[in-house]
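So the structure is just underneath, and the comments pick up after that.
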Amino acid sequence: MAPSECRFAGRDARRLLAYAAATLLVLLAGLLPAPVLAQNIESVLRPGDVIRGHARWEEECTQCHVRFDRNAQSELCMGCHKDVGADVRQRTGYHGRLKPQPCRSCHTDHKGRDARIAEFDPQRFDHTQTDYALRGRHATAECRKCHQPARKYSQAPSDCLSCHRADDTHKGRLGPACADCHTEQNWKQTRFDHSRTRFALTGKHVDTKCEDCHNTSNPKDAPRECVGCHKKDDDGTRGHRGRYGDKCDTCHGTKAWKPSIFDHDERTKFSLRGRHRTATCTACHTGHLYRDKVGSACIDCHRKDDKHEGALGRECQACHGEQNWKDTPRFDHDRTRYPLLGKHRDARCDACHKDRRYQGTATTCVACHRADDRHKPSLGDDCAACHVEQGWKQMARFDHQRTRFALEGRHRDTRCEACHKDANYRATPSDCNACHRGDDKHAATLGPRCADCHDARAWKPAPRFDHQRTKFPLRNAHAARTVACTACHADAKQMRSTPLECNACHARDDKHAGQLGTRCDSCHTDVRWTDTRFDHARARFPLLGRHLAVRCSGCHTSPRYRDASRECVGCHQKEDKHAQRFGTLCESCHNARSWRLWSYDHAARARYALDGAHARITCEACHKEPAPRGRAAAELSTLCGDCHQKDDRHQGAFGPQCDRCHGTGDWKTLRHRGTSLKPSAAGPAG
């Protein structure tokens, strides 16, 4: 007899048995006493007492049973147990993930008032079938830790705080989403990536405790302005007391609050040199930084140092330098109406300027040399007609100063024929190059204006040249007092064409072998070559998670920094347990927070949801071939037959779509129990 015929025969037999029982009860109705007649057929045939929870419906069999239809019993069960019914219909929870079966398969009643019809073995219970899969330390926790007595197992809370409220050192300030930072492996182990917020942690902020900034119940209320946490530093004895506003990051960095990182030379129109570099900010910025404007003239800060009482104007830098206010190395008296020559250069300033109001001082010789005038002004006041600055007693036959070429410095000791080659003195050229062509090491590349750098005192050195007025001002280690001109200008003939790139002079210092280009100033400074300021966040590989704490040498094994691989496998090859079967795109599953924390949404990214037995197998069980280049895994077919060919007992007779009959929970369980699945002569069954 076929299986289908057996099922029909069994159903008919049950109906006949029920009919015979009903007929027997009717025949006995006249013989039974009145209390017995008050009972219905089901109560007479009841196999035993129901459990205590069902006792009030014991006389109403229709609450749980439908006559002659056993399959309807499950619907009545779920009608009372609505939470279980909702799980079954929505395929959620423990009952929703079980294979479809009648409720009586597991819960059988009529075994007495104290019978336990929901008995199960906690040791064999598969918690992954519920809405709360156990991971990490949860997998070894005792059931009673989460499931309280006298409460349904499904009523166990799923939020972290219900069990870990005593472990919440934040006292509820960070809310109930503990899983955003903590893991199931260890409560003290955190995985929160602050770089994904609007306030990425850098410098000393990385080691700062969370509660130092998040001191409110809502973590989003933590201030992002520096002054929100550093107000006590701004109000201290050396702080600005709010005078410089709340943009602390303009001057301060996260590596250390001191010293300031503000570059006054680049970000303002007033470059700090000399003693200005060591002056405190408050020495000039005495008021509010943004409200009270600070002037850039010397007199704005040095009014009390002006001994001239404003008589010489506001251009103090014409005489004074930044190194020392009392020294006046910059003042060039030759640019005044009275150039200093001869012994006048060695004279003290106050020898002529009796007071500090320098303007208005007489420039006639007799104003200072009246006591030396033995002529008792019989020859007038024009002493310079005969006397020279080298000595009052020395007489000059010719006053060259009255010509277009006044003799100064070494020119006064030069013989006349050294410049005047012929008798035509007026035709003698007055440019330096006419006499000093042989001394011009620049081969005329700098033009004939030798006086721009050289002076009449000596051809070497060239003290007048101001390098700060060129395209390459000298600062810090490049300053002329530490670096000789020839260190950069190797060829005197090519002074103007000297390259400005760092690499032109520092090629042998370039440990990167030219790989990072010629913009050395992107990382190095002119204070010290070994000091660097590279911001890795501007590179093609910004540092996140655990990468922030890794030393540079951990990835860059040599100074050729660009040789470092940006693929994960470049550094983590020994940690690749898959032996590159899944390619080199490790970031498809792993992240920078921790190598062991991995996540891959197979349903969304591979368009093939893993359920049933598929959810428990390893990745390598299906992905056996190496991944092609640029992909995380080799693309597989979604047809069941491609993986389960050896399990196909039909030998392909029903086609490759095994899921029409088989489910992912169990291969041996068929979905169509009421249909004969036999292959036809025309081909696979539809």
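Just remember, in the structure tokens the first chain shown is A, the second B, etc., residues are 1-based per chain, and ligands are 1-based in the order shown.
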
Quiz item: Quick one: residues within 10 Å of A:Ala444, only C-alpha atoms counted, chain neighbours fewer than 6 positions away excluded, as number ranges by chain?
Solution: A: 433, 437, 450, 493

Quiz item: Looking at A:Ala434, A:Leu76, A:Val84, A:Cys178, which one is nearest to A:Thr62, with distances taken over only C-alpha atoms?
Solution: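 Closest to A:Thr62, using only C-alpha atoms: A:Leu76.
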
Quiz item: What lies within 6 Å of stretch 541-545 of chain A using only C-alpha atoms, ignoring chain neighbours under 3 positions off, as a list of chain:residue names?
Solution: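 Residues meeting the cut-off are A:His536, A:Ala537, A:Leu548, A:Ala592, A:Arg593.
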
Quiz item: For A:Tyr94, which residue among A:Ala490, A:Ala564, A:Thr128, A:Gln63 is the nearest when counting only C-alpha atoms?
Solution: A:Thr128

Self-check item: Residues within 12 Å of A:Arg314, only C-alpha atoms, excluding chain neighbours under 2 positions, as number ranges by chain
Solution: A: 295-303, 306, 308-312, 316-320

Which residues, written as a compact mmCIF listing (two decimals) with C-alpha atoms, in the first residue's frame, have at least one atom at most 12 Å from stretch 614-629 of chain A, with only C-alpha atoms counted and residues fewer than 2 positions away on the same chain left out?
```txt
# COMPACT_ATOMS: atom_id res chain seq x y z
CA ASP A 126 20.51 25.66 21.29
CA THR A 128 21.10 30.45 18.73
CA GLN A 129 17.50 29.52 17.85
CA ALA A 133 22.46 34.35 20.47
CA LYS A 577 44.36 32.22 9.04
CA HIS A 578 42.73 31.80 5.64
CA ALA A 579 46.08 31.63 3.80
CA GLN A 580 44.78 34.30 1.36
CA ARG A 581 41.92 32.06 0.29
CA PHE A 582 39.69 35.10 0.77
CA GLY A 583 42.07 37.46 -1.03
CA THR A 584 43.79 40.51 0.38
CA LEU A 585 40.71 42.62 1.14
CA CYS A 586 40.85 41.81 4.86
CA CYS A 589 35.39 41.45 7.45
CA TYR A 600 30.35 40.21 7.49
CA ASP A 601 26.69 40.61 6.52
CA HIS A 602 26.32 37.71 4.13
CA ALA A 603 22.73 38.55 3.28
CA TYR A 608 22.67 35.04 -0.05
CA ALA A 609 21.29 34.88 3.46
CA LEU A 610 22.75 32.18 5.70
CA ASP A 611 20.05 30.47 7.76
CA GLY A 612 19.44 27.04 9.22
CA ARG A 631 37.60 40.45 -4.38
CA ALA A 632 37.05 39.18 -0.86
CA ALA A 633 35.97 35.69 -1.95
CA ALA A 634 35.37 33.64 -5.07
CA GLU A 635 31.84 34.03 -6.44
CA LEU A 636 29.77 30.88 -5.88
CA SER A 637 26.58 29.60 -7.39
CA THR A 638 23.45 29.81 -5.25
CA CYS A 640 21.84 23.80 -3.91
CA ASP A 642 26.44 22.77 -6.69
CA CYS A 643 27.35 22.09 -3.05
CA HIS A 644 25.06 19.15 -2.20
CA GLY A 663 15.11 23.27 3.85
CA THR A 664 18.33 24.72 5.23
CA GLY A 665 17.56 23.49 8.74
CA ASP A 666 17.83 19.78 7.99
CA TRP A 667 18.54 18.09 4.65
```

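When atom CA of A:His214 is paired with atom CA of A:Gly228, their separation reads 10.9 Å.
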
Quiz item: Near A:His170, within 12 Å and counting only C-alpha atoms, which residues show up once chain neighbours fewer than 6 positions away are dropped, as a PyMOL selection string?
Solution: chain A and resi 161+164+176-178+209-212+214-219

Practice problem: Name all residues at most 12 Å from A:Arg345 (count only C-alpha atoms; drop same-chain ones fewer than 4 positions away) and give them as a list in words. | Solution: Asp332, His333, Asp334, Tyr338, Pro339, Leu340, Leu341, Cys349, Ala351, Cys352, Glu389, Gln390, Glu408, Gly409 and Arg457 of chain A

Could those selected residues go to a file with N, CA and C atoms, as a compact mmCIF listing (two decimals), in the first residue's frame?
```txt
# COMPACT_ATOMS: atom_id res chain seq x y z
N ASP A 332 72.19 102.98 9.56
CA ASP A 332 73.22 103.32 8.58
C ASP A 332 73.26 104.84 8.46
N HIS A 333 74.26 105.41 9.11
CA HIS A 333 74.37 106.87 9.12
C HIS A 333 74.66 107.42 7.74
N ASP A 334 75.16 106.56 6.86
CA ASP A 334 75.47 107.03 5.51
C ASP A 334 74.21 107.39 4.73
N TYR A 338 74.26 113.35 6.64
CA TYR A 338 75.64 113.47 7.12
C TYR A 338 76.24 112.08 7.24
N PRO A 339 76.80 111.52 6.13
CA PRO A 339 77.43 110.20 6.22
C PRO A 339 78.69 110.28 7.08
N LEU A 340 78.93 109.22 7.84
CA LEU A 340 80.10 109.17 8.72
C LEU A 340 81.29 108.61 7.97
N LEU A 341 82.38 109.33 7.99
CA LEU A 341 83.60 108.92 7.32
C LEU A 341 84.77 109.05 8.28
N CYS A 349 77.97 108.37 19.71
CA CYS A 349 76.80 109.13 19.24
C CYS A 349 76.61 110.41 20.03
N ALA A 351 78.74 112.20 21.35
CA ALA A 351 79.77 113.21 21.12
C ALA A 351 79.25 114.32 20.22
N CYS A 352 78.33 113.96 19.31
CA CYS A 352 77.72 114.96 18.43
C CYS A 352 76.29 115.27 18.85
N GLU A 389 88.32 113.42 7.20
CA GLU A 389 87.83 112.71 8.38
C GLU A 389 88.86 111.75 8.97
N GLN A 390 89.92 111.39 8.21
CA GLN A 390 90.92 110.47 8.74
C GLN A 390 91.73 111.10 9.88
N GLU A 408 85.21 106.95 -0.25
CA GLU A 408 84.87 106.43 1.07
C GLU A 408 85.70 105.19 1.34
N GLY A 409 85.97 104.95 2.61
CA GLY A 409 86.65 103.72 3.00
C GLY A 409 87.99 103.53 2.34
N ARG A 457 84.55 99.82 2.52
CA ARG A 457 85.46 99.46 3.61
C ARG A 457 86.30 98.25 3.23
```

Quiz item: So which bits of stretch 81-301 of chain A end up helix (DSSP H, G or I) when you DSSP the backbone, as a VMD selection string?
Solution: chain A and resid 82 to 90 93 to 97 103 to 105 127 to 129 136 to 140 143 to 145 153 to 155 161 to 167 178 to 180 194 to 196 203 to 207 210 to 213 219 to 221 226 to 234 248 to 250 264 to 267 274 to 277 281 to 284 298 to 301

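Taking atom CA of A:Leu474 and atom CA of A:Thr278 as the two end points, the separation is 18.2 Å.
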
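Coordinates place atom CA of A:Ala492 at a distance of 5.0 Å from atom CA of A:His442.
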
Which of stretch 301-496 of chain A DSSP labels strand (DSSP E), written as a PDB file with N, CA and C atoms, in the first residue's frame:
```
ATOM      1  N   HIS A 387      90.325 119.868   5.371  1.00  0.00           N
ATOM      2  CA  HIS A 387      90.514 118.787   6.319  1.00  0.00           C
ATOM      3  C   HIS A 387      89.699 117.557   5.903  1.00  0.00           C
ATOM      4  N   VAL A 388      90.187 116.428   6.352  1.00  0.00           N
ATOM      5  CA  VAL A 388      89.506 115.158   6.039  1.00  0.00           C
ATOM      6  C   VAL A 388      89.159 114.439   7.337  1.00  0.00           C
ATOM      7  N   GLY A 391      91.839 112.382   9.852  1.00  0.00           N
ATOM      8  CA  GLY A 391      92.570 113.087  10.912  1.00  0.00           C
ATOM      9  C   GLY A 391      92.498 114.582  10.678  1.00  0.00           C
ATOM     10  N   TRP A 392      92.335 115.336  11.803  1.00  0.00           N
ATOM     11  CA  TRP A 392      92.165 116.781  11.643  1.00  0.00           C
ATOM     12  C   TRP A 392      93.426 117.436  11.089  1.00  0.00           C
ATOM     13  N   LYS A 393      94.536 116.850  11.449  1.00  0.00           N
ATOM     14  CA  LYS A 393      95.797 117.439  11.010  1.00  0.00           C
ATOM     15  C   LYS A 393      96.173 117.025   9.601  1.00  0.00           C
ATOM     16  N   GLN A 394      95.536 116.050   9.059  1.00  0.00           N
ATOM     17  CA  GLN A 394      95.854 115.578   7.713  1.00  0.00           C
ATOM     18  C   GLN A 394      95.123 116.465   6.714  1.00  0.00           C
ATOM     19  N   MET A 395      95.894 116.922   5.742  1.00  0.00           N
ATOM     20  CA  MET A 395      95.332 117.824   4.750  1.00  0.00           C
ATOM     21  C   MET A 395      95.104 117.079   3.442  1.00  0.00           C
TER      22      MET A 395
END
```

Practice problem: Counting only C-alpha atoms, figure out which residue out of A:Ser158, A:Thr414, A:His512, A:Gly438 gets nearest to A:Ser558. | Solution: A:His512
